[in-house]
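Structure first, then comments.
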Number of protein chains: 2
Amino acid sequence: MEEEKYIGIDIGGTTVKLAVLTIEGEMIHKWEIPTAKEESGKSIVSDIAASITETLDALHLDRTTVTGIGAGAPGFIDQQTGYVYEAINIGWKEFDMGEELSEATGFPVWADNDANIAALGEKWLGAGKGCESMLAVTLGTGVGGGIIVNKQVINGANGTGGEIGHITVKPDSAHYCNCGRYGCLETEASATAIARKAVEMKTAGNSDYLSSIKEPTAKDVFEGYERKDEGCQSIVLDVTDQLGLALANLAVSINPEKIVIGGGVSKAGDSLLSPLKESFDAYALPRVSAVCDFSIAKLGNDAGVIGGAYLVKTKSGH
Amino acid sequence: MEEEKYIGIDIGGTTVKLAVLTIEGEMIHKWEIPTAKEESGKSIVSDIAASITETLDALHLDRTTVTGIGAGAPGFIDQQTGYVYEAINIGWKEFDMGEELSEATGFPVWADNDANIAALGEKWLGAGKGCESMLAVTLGTGVGGGIIVNKQVINGANGTGGEIGHITVKPDSAHYCNCGRYGCLETEASATAIARKAVEMKTAGNSDYLSSIKEPTAKDVFEGYERKDEGCQSIVLDVTDQLGLALANLAVSINPEKIVIGGGVSKAGDSLLSPLKESFDAYALPRVSAVCDFSIAKLGNDAGVIGGAYLVKTKSGH
C-alpha cells in the first residue's frame, strides 16, 4: 500500500503556496498559484481545488492516499472547522473556507491563522524540532506570533490566539496601530517600526551612518549597529528592550523551551538575538530564562505549507 | 461494579487537604491533616499515605476503584512525573514526590503547582465550567496564576507555567519582589501590595477613610472605594490598571473564554471586577475582549482537591 500524504496550503495576499508531504515530513512536491483576490476572493477555493487535482494527476499520486489538507491564511480562523471570521488581505469575511474547500476537493480540511501554521511548521521540521512548547515570532511588516503548548498551537476562543503583535508595550505611545489602538508591540518592533525610528534618528541628526541613506530600512539599522554607529545602536537596544520585555512576560506564563524568531528582521541574526536575549534575561524569572533558547527560524517561506501538513498529521490522529 | 473514584490532594504550608470524588465530580468525602514541615517535610508523604488508607477503610471504599491521585503543592513541579523541583514553604527541594507518593499509596500520581491545580478545579466544576481556555488569577498574599488552553493546564518546560505574578508591569519600580526582581505584578496587585499602597496613602494624608484605620488592609481599601473615598478610589484604579494591562497582554496571546479571579482580594466582587474589566477592555484587542468574560472564583478552598481529582480524570484517560 502506498504511504499516506498530507497537503499543506499557505494562502497569502499575492500567491497561494501548496505542497504534498509524506507523514515523515519529506516534501514530495511544492508549487504555487496566484491568489485571485477579485470579487472578495470568491474563486480562490475553486482555483486551489483545480490545481490540487491537476497536480496529483500529473504526479501520478493516488487521491485515496491523501489524509487531508491543512491550510493557513492571514486572519482570524476557527481551527476545528476552518471557518474564516475575517481575512482582510484576501477579501474573505465570515466565509466557511473549511467546508467549501473540503467540498471542492473531497478531502478533510483543517485551518488556522498563517502565523500559527508557520509556528507548527518550525515546530515539526524547523528551529523548534522536538519542542513541546515554543513561541514563534515573525518580525516583518507587522509582528505576528504563534504559540505552541502541550504540542498544540493556541488557536483561542475565536481564532485570535497568538496575536502577540498587539501586546501593549507602551500604553502612553502616540504611535497608532492598524488595530485601532496605540503602543502595540507591532508599532515598536516590526520592520516598519524600525524604519520609522531610523528616519526619526536620521532627521534628528543623531546617526552618522543613517545620514547618508536616503530611505533607511530595518536592514540599514542593523548594518549601522554592526558598524557601531551610536544612533543605530540606540535603536536596536530600544527595540530589543521592548521585545525582550513582551516576550519575557509571555514566557513567564507559558514557560517555553524555545523562542523562534522569523521574518525579514530576523535576517540580522546574532545582532538581533544577542541584545534580545540580554533584555529577555533581565525581565524573565531566572527559572524561565534558564530553559528557554532563542533561535532564528529555519524554514523560510516553506514554514506555512509544512505547518499545514503538520496540522493534518496532529488533527487526523496519524 | 463500583464506580471509579479520584483522590485530590492540596498540600499547603499548614494543612494538607484531601478529598475523594466520583468521576462526575461529586465529593464523597473531604478531610485534612496537618503538614509536618519538620526535617524538610520528610514525613508528609507517609502521613498522607496513612491517612488515605485509614479514610478509605473507614468509608468502606474499595481501593481497586480508585483510579489515582492528583496532588497540588506550592512550588515548581513536573506534571508528568510529580517531581518537585522546589517547594519552599513545604521544605521540599529536588524531591521525587510523585514516585514516593505512588510507592507509599500504591496509586498512580499526577501533580502540579497549587495555582495550576486550583485553575483545573474551577475549570471542571467552578466558575470556568465548560471552558476550553481560561486564565485563573489568585490575588492573595502573592499573585498566582493557572492557564488552561485546549482543555489542558500549562505546566511548562520546567514546571514554571502560569507564574503570572512575575509578569513585569513596572520595569522601573523600586518595589522588590521575592523572586529577586523589581516591578512584578505581585508587587502591584497582591493583597500585600494593596495594603502597602494603603499605608502610603494614609501616611501622605490623602485618604479620610484610611486615616482612622490603624493598619489598613486590602479589604479596607475596597471598603473605602465603595464609600467613594478619593484615596481608596485612586488605589483601586491604579491596581486594576496594572492588572488589566497584564491580563490583556496575556489574553491577546491566549484568547481565553474566561478570566476567573480568586483569592482574598476577589471578595471585593464587583468593586474589583468592574474597574478591572474597564481597564482590560481598553488594553485588549476588541476581538479578544468581546469573547472574554470575568468571574469571581466559586470553589474557595475546595478548588485544589477538585482540581487534583480532575487532573487524574484527564491524565488517566477516563
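Ordering of the C-alpha cells sets the chain letters (A, B, ...); residue numbers start at 1 within each chain; ligands are numbered from 1 in the order shown.
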>> Can you pull out the residues contacting stretch 67-79 of chain A? Cut-off 8 Å, using only C-alpha atoms, and skip same-chain residues under 5 positions away; I want them as a PyMOL selection string.
In response: chain A and resi 4-12+84-90+107-117+155+158-160+304-305+307-312+316
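The neighbours of B:Val149 here are the residues that come within 7 Å of it, using only C-alpha atoms and leaving out any residue fewer than 5 positions away in the same chain; they are Ile154 of chain A; Glu132, Ser133 and Met134 of chain B.
A straight line drawn from atom CA of B:Val260 to atom CA of B:Leu120 is 11.3 Å long.
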Tell me, counting only C-alpha atoms, for each residue of chain A within 10 Å of chain B, which pair of atoms is nearest and how far apart they are in Å to one decimal, in rows ordered by chain and increasing number, as CSV.
```
residue,atom,partner,partner_atom,distance
A:Phe76,CA,B:Arg287,CA,9.5
A:Cys131,CA,B:Ala157,CA,9.2
A:Glu132,CA,B:Ala157,CA,8.0
A:Ser133,CA,B:Ala157,CA,7.1
A:Met134,CA,B:Ala157,CA,9.5
A:Gly145,CA,B:Ser253,CA,8.3
A:Gly146,CA,B:Ser253,CA,8.5
A:Ile147,CA,B:Ser253,CA,7.7
A:Val149,CA,B:Ile154,CA,6.9
A:Asn150,CA,B:Ile154,CA,7.3
A:Gln152,CA,B:Asn150,CA,7.9
A:Val153,CA,B:Asn150,CA,8.8
A:Ile154,CA,B:Ile254,CA,6.6
A:Asn155,CA,B:Asn255,CA,7.7
A:Gly156,CA,B:Asn255,CA,4.6
A:Ala157,CA,B:Asn255,CA,5.6
A:Asn158,CA,B:Asn255,CA,7.2
A:Gly159,CA,B:Asn255,CA,7.7
A:Thr160,CA,B:Asn255,CA,5.7
A:Gly161,CA,B:Asn255,CA,4.9
A:Gly162,CA,B:Ser253,CA,4.3
A:Glu163,CA,B:Ser253,CA,5.4
A:Ile164,CA,B:Ser253,CA,5.5
A:Gly165,CA,B:Val252,CA,8.8
A:His166,CA,B:Val252,CA,6.8
A:Ile167,CA,B:Asn249,CA,4.8
A:Thr168,CA,B:Asn249,CA,6.4
A:Val169,CA,B:Asn249,CA,8.7
A:Pro171,CA,B:Tyr283,CA,8.0
A:Cys179,CA,B:Leu285,CA,7.3
A:Gly180,CA,B:Leu285,CA,8.6
A:Arg181,CA,B:Tyr283,CA,8.1
A:Tyr182,CA,B:Tyr283,CA,9.1
A:Gly183,CA,B:Tyr283,CA,9.8
A:Cys184,CA,B:Tyr283,CA,9.5
A:Leu245,CA,B:Thr168,CA,7.6
A:Ala246,CA,B:Asn249,CA,8.5
A:Ala248,CA,B:Ile167,CA,7.7
A:Asn249,CA,B:Ile167,CA,4.8
A:Leu250,CA,B:Leu250,CA,6.7
A:Ala251,CA,B:Gly161,CA,8.1
A:Val252,CA,B:Glu163,CA,5.7
A:Ser253,CA,B:Gly162,CA,4.3
A:Ile254,CA,B:Gly161,CA,5.0
A:Asn255,CA,B:Gly156,CA,4.6
A:Pro256,CA,B:Ala157,CA,5.7
A:Glu257,CA,B:Ala157,CA,5.6
A:Lys258,CA,B:Ala157,CA,9.3
A:Ala282,CA,B:Arg181,CA,8.6
A:Tyr283,CA,B:Thr168,CA,6.7
A:Ala284,CA,B:Ile167,CA,7.9
A:Leu285,CA,B:His166,CA,7.0
A:Pro286,CA,B:Cys179,CA,8.6
A:Arg287,CA,B:Thr160,CA,7.2
A:Val288,CA,B:Thr160,CA,6.7
A:Ala290,CA,B:Asn158,CA,9.4
A:Val291,CA,B:Ala157,CA,7.0
A:Cys292,CA,B:Ala157,CA,8.3
```
> Can you list, as a PyMOL selection string, every residue of stretch 109-257 of chain A that DSSP puts in alpha helix (DSSP H)?
Replying inline: chain A and resi 114-125+186-189+191-203+208-211+218-226+230-254
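Among the residues of stretch 73-109 of chain B, backbone DSSP assigns strand (DSSP E) to Ala73, Phe76, Ile77, Val84, Tyr85, Glu86, Ala87, Trp92, Lys93, Glu94, Phe95 and Val109 of chain B.
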>> Please report the interatomic distance between atom CA of A:Pro216 and atom CA of A:Thr15 in Å with one decimal.
In response: 27.8 Å
Leaving out A:Lys30 and any residue of its chain fewer than 3 positions from it, which residues lie within 8 Å of it when counting only C-alpha atoms, given as a compact mmCIF listing (two decimals) with C-alpha atoms, in the first residue's frame?
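Printed below is part.txt as written:
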```
# COMPACT_ATOMS: atom_id res chain seq x y z
CA LYS A 17 1.70 28.10 -1.85
CA LEU A 18 0.93 24.39 -1.91
CA ALA A 19 2.87 21.22 -1.10
CA VAL A 20 2.43 17.47 -0.75
CA MET A 27 8.38 17.19 0.65
```
>> Using only C-alpha atoms, which protein or nucleic acid residues come within 6 Å of B:Ala195? Drop anything in the same chain fewer than 2 positions from it, and give the result as JSON, numbers by chain.
In response: {"B": [192, 193, 197, 198, 217, 218]}
Output N, CA and C atoms of each residue in that selection to a file, as an mmCIF file, in the first residue's frame.
```
data_model
loop_
_atom_site.group_PDB
_atom_site.id
_atom_site.type_symbol
_atom_site.label_atom_id
_atom_site.label_comp_id
_atom_site.auth_asym_id
_atom_site.auth_seq_id
_atom_site.Cartn_x
_atom_site.Cartn_y
_atom_site.Cartn_z
ATOM 1 N N THR B 192 -1.031 42.088 49.644
ATOM 2 C CA THR B 192 0.116 42.711 50.302
ATOM 3 C C THR B 192 0.434 44.067 49.666
ATOM 4 N N ALA B 193 0.428 44.109 48.331
ATOM 5 C CA ALA B 193 0.733 45.351 47.617
ATOM 6 C C ALA B 193 -0.335 46.404 47.867
ATOM 7 N N LYS B 197 0.119 50.099 49.536
ATOM 8 C CA LYS B 197 -0.363 51.355 48.937
ATOM 9 C C LYS B 197 -1.285 52.104 49.895
ATOM 10 N N ALA B 198 -2.056 51.342 50.687
ATOM 11 C CA ALA B 198 -2.977 51.960 51.646
ATOM 12 C C ALA B 198 -2.200 52.707 52.728
ATOM 13 N N THR B 217 -5.841 47.324 55.425
ATOM 14 C CA THR B 217 -5.638 46.143 54.581
ATOM 15 C C THR B 217 -6.294 46.361 53.223
ATOM 16 N N ALA B 218 -6.137 45.372 52.330
ATOM 17 C CA ALA B 218 -6.781 45.443 51.017
ATOM 18 C C ALA B 218 -8.301 45.552 51.179
#
```
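Using only C-alpha atoms, the shortest contact distance between B:Ile261 and any of B:Asp229, B:Glu39, B:Glu99, B:Glu122 is found at B:Glu122.
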>> Residues near B:Glu278, anyone? I mean within 10 Å using only C-alpha atoms, not counting same-chain ones fewer than 6 positions away, as a PyMOL selection string.
In response: chain B and resi 237+240-241+244
> Interatomic distance between atom CA of B:Gly262 and atom CA of B:Val137?
Replying inline: 6.0 Å
> Quick one: residues within 7 Å of stretch 48-51 of chain A, only C-alpha atoms counted, chain neighbours fewer than 4 positions away excluded, as a PyMOL selection string?
Replying inline: chain A and resi 44+55+104-105
